[in-house]
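One structure is given here, and the rest of the page talks about it.
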Amino acid sequence: MSPRTKEQNEEIRLRRLAQIRKAAADVFLNKGPLLEIRDVAVQAGLGYGTVYHYYSNKGNLLHDLLWDALERAGGWLEAPSASASGEAPAGGHFGVAAAADTGNSAAADSQSGSRETAVAAELGPVAVAGIRLLQLWAEDHALYLLHKLAGEGFASLPEARSAPLSAAFRREVLAPLATLLETGRAADGTAASGGNAAEPPYRLQRAEMLLAALVGCASLSLRRGKLHEEAMDIARFLKL
């Protein structure tokens, strides 16, 4: 057998890192800061030595996991939201690509798409974006962890690491969400134009409060494995 190339080794390394980070996010949901490298190894189905080779302590693992999640965090705001005409976002599931099940029939997909089109017509852009985010959390626990810890100021990390992460989260997630909230309020006729528009600090505070509410409501559904299907109920409960 010929030795692996540098490109093959790098591919294996990146795949292993993704595997470890995903497992760490899953473990953190149940154990929080009590997470240990050994727990991650068990969840990932890897040997302790393998995980330790990549991450010798959980602080470095959590730090990399959060930065990796931040790179994906803006996608839900970039996806198309429901239009005023009631058109459903592209891709179904409010722009979230659900885990593909090749056994699903075309009829079931059509029924699901019709239901989502009707719901999209009922809800505004903020609610649709909120549903999209909740469904993303159901599929990507690292994203949920990022938003949860952001609301706590990333207190589980040293200040030298938490400060840059907080600044990036504010820039990449909070600021675009604040803009969406203002747009949504204006579309609903609840925001005045011109000089009466919310000042930037208040807009960011509203975005932080919305994310905190979503995190709190998502927690139980996420632990029960029901977040994807209960996302719409949560959006209605919060009156987004």
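Numbering starts fresh at 1 for the residues of each chain in the structure tokens, the chains themselves are lettered A, B, ... in the order given, and ligands are numbered from 1 as they appear.
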Inset, instruction - Give me the residues within 9 Å of Tyr144 (chain A) as a VMD selection string, counting only C-alpha atoms and dropping any in the same chain fewer than 6 places off. - result: chain A and resid 25 69 133 to 134 136 to 138 215 218
May I have the selected residues written with N, CA and C atoms, as an mmCIF file, in the first residue's frame?
```cif
data_model
loop_
_atom_site.group_PDB
_atom_site.id
_atom_site.type_symbol
_atom_site.label_atom_id
_atom_site.label_comp_id
_atom_site.auth_asym_id
_atom_site.auth_seq_id
_atom_site.Cartn_x
_atom_site.Cartn_y
_atom_site.Cartn_z
ATOM 1 N N ALA A 25 -19.656 19.456 21.100
ATOM 2 C CA ALA A 25 -20.880 20.248 21.214
ATOM 3 C C ALA A 25 -22.021 19.399 21.768
ATOM 4 N N ALA A 69 -17.923 27.523 14.764
ATOM 5 C CA ALA A 69 -19.365 27.747 14.653
ATOM 6 C C ALA A 69 -19.663 29.166 14.188
ATOM 7 N N LEU A 133 -33.373 29.774 12.461
ATOM 8 C CA LEU A 133 -32.274 29.644 13.411
ATOM 9 C C LEU A 133 -32.511 28.471 14.356
ATOM 10 N N LEU A 134 -33.726 28.321 14.855
ATOM 11 C CA LEU A 134 -34.040 27.208 15.747
ATOM 12 C C LEU A 134 -33.802 25.869 15.062
ATOM 13 N N LEU A 136 -31.750 25.320 12.612
ATOM 14 C CA LEU A 136 -30.307 25.146 12.468
ATOM 15 C C LEU A 136 -29.698 24.628 13.768
ATOM 16 N N TRP A 137 -30.158 25.149 14.894
ATOM 17 C CA TRP A 137 -29.669 24.664 16.189
ATOM 18 C C TRP A 137 -29.969 23.190 16.370
ATOM 19 N N ALA A 138 -31.119 22.757 15.881
ATOM 20 C CA ALA A 138 -31.479 21.347 16.012
ATOM 21 C C ALA A 138 -30.507 20.452 15.268
ATOM 22 N N VAL A 215 -32.821 31.054 22.864
ATOM 23 C CA VAL A 215 -31.970 30.071 23.533
ATOM 24 C C VAL A 215 -32.721 29.410 24.686
ATOM 25 N N ALA A 218 -35.506 27.148 23.421
ATOM 26 C CA ALA A 218 -35.017 26.002 22.646
ATOM 27 C C ALA A 218 -34.430 24.905 23.518
#
```
Legend entry - Given only C-alpha atoms as the counted atoms, nearest of A:Ile234, A:Ile12, A:Ala168, A:Val40 to Phe154 (chain A): A:Ala168
Legend entry - Residue nearest Ala23 (chain A) - candidates A:Arg132, A:His141, A:Arg4, A:His63, atoms counted: only C-alpha atoms: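 Between A:Arg132, A:His141, A:Arg4, A:His63, the residue approaching Ala23 (chain A) most closely is A:His141.
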Inset, instruction - Quote the spacing between CA of Ala175 (chain A) and CA of Asp233 (chain A) in Å to one decimal place. - result: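 Taking CA of Ala175 (chain A) as the start and CA of Asp233 (chain A) as the end point, the length is 25.8 Å.
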Inset, instruction - Using only C-alpha atoms, determine which residues lie at most 12 Å from Lys148 (chain A), disregarding the query and same-chain residues fewer than 6 positions distant; provide the list as a ChimeraX atom specification. - result: /A:25,28-29,32,66,137,141-142,154-156,169,208-219
Store the residues picked out above in a file with N, CA and C atoms, as a short mmCIF file (atom, residue, chain, number, x, y, z; two decimals), in the first residue's frame.
```
data_model
loop_
_atom_site.label_atom_id
_atom_site.label_comp_id
_atom_site.auth_asym_id
_atom_site.auth_seq_id
_atom_site.Cartn_x
_atom_site.Cartn_y
_atom_site.Cartn_z
N ALA A 25 -19.66 19.46 21.10
CA ALA A 25 -20.88 20.25 21.21
C ALA A 25 -22.02 19.40 21.77
N PHE A 28 -21.42 18.87 25.47
CA PHE A 28 -21.59 20.09 26.25
C PHE A 28 -23.07 20.36 26.55
N LEU A 29 -23.96 19.94 25.66
CA LEU A 29 -25.39 20.13 25.89
C LEU A 29 -25.83 19.45 27.19
N GLY A 32 -22.21 20.50 30.13
CA GLY A 32 -21.75 21.86 30.31
C GLY A 32 -20.25 21.91 30.58
N LEU A 66 -16.12 27.12 19.10
CA LEU A 66 -16.92 28.34 19.00
C LEU A 66 -16.53 29.19 17.80
N TRP A 137 -30.16 25.15 14.89
CA TRP A 137 -29.67 24.66 16.19
C TRP A 137 -29.97 23.19 16.37
N HIS A 141 -25.49 21.53 16.88
CA HIS A 141 -25.47 21.89 18.30
C HIS A 141 -24.37 22.90 18.63
N ALA A 142 -23.33 22.94 17.82
CA ALA A 142 -22.28 23.92 18.05
C ALA A 142 -22.81 25.34 17.85
N PHE A 154 -19.42 34.65 26.99
CA PHE A 154 -18.35 33.65 26.87
C PHE A 154 -17.53 33.58 28.15
N ALA A 155 -18.24 33.59 29.27
CA ALA A 155 -17.58 33.62 30.58
C ALA A 155 -16.76 32.38 30.87
N SER A 156 -17.02 31.29 30.15
CA SER A 156 -16.27 30.06 30.39
C SER A 156 -14.88 30.10 29.77
N PHE A 169 -18.77 38.12 17.38
CA PHE A 169 -20.18 37.73 17.43
C PHE A 169 -21.07 38.96 17.27
N GLU A 208 -29.95 41.06 21.17
CA GLU A 208 -29.47 40.20 22.25
C GLU A 208 -30.63 39.58 23.03
N MET A 209 -31.66 40.36 23.29
CA MET A 209 -32.81 39.87 24.04
C MET A 209 -33.57 38.80 23.26
N LEU A 210 -33.68 39.00 21.96
CA LEU A 210 -34.37 38.02 21.13
C LEU A 210 -33.61 36.69 21.13
N LEU A 211 -32.30 36.76 20.96
CA LEU A 211 -31.50 35.54 20.95
C LEU A 211 -31.56 34.84 22.31
N ALA A 212 -31.55 35.61 23.39
CA ALA A 212 -31.64 35.01 24.73
C ALA A 212 -32.97 34.29 24.91
N ALA A 213 -34.05 34.89 24.40
CA ALA A 213 -35.37 34.25 24.50
C ALA A 213 -35.41 32.96 23.68
N LEU A 214 -34.83 32.99 22.49
CA LEU A 214 -34.80 31.80 21.65
C LEU A 214 -33.97 30.69 22.29
N VAL A 215 -32.82 31.05 22.86
CA VAL A 215 -31.97 30.07 23.53
C VAL A 215 -32.72 29.41 24.69
N GLY A 216 -33.39 30.23 25.50
CA GLY A 216 -34.11 29.68 26.64
C GLY A 216 -35.24 28.76 26.23
N CYS A 217 -36.01 29.16 25.24
CA CYS A 217 -37.14 28.34 24.79
C CYS A 217 -36.66 27.08 24.07
N ALA A 218 -35.51 27.15 23.42
CA ALA A 218 -35.02 26.00 22.65
C ALA A 218 -34.43 24.90 23.52
N SER A 219 -33.99 25.25 24.71
CA SER A 219 -33.24 24.32 25.54
C SER A 219 -33.97 22.99 25.76
#
```
Inset, instruction - Please indicate the distance in Å from CA of Asp39 (chain A) to CA of Ile20 (chain A), rounded to one decimal place. - result: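 CA of Ile20 (chain A) lies at a distance of 10.7 Å from CA of Asp39 (chain A).
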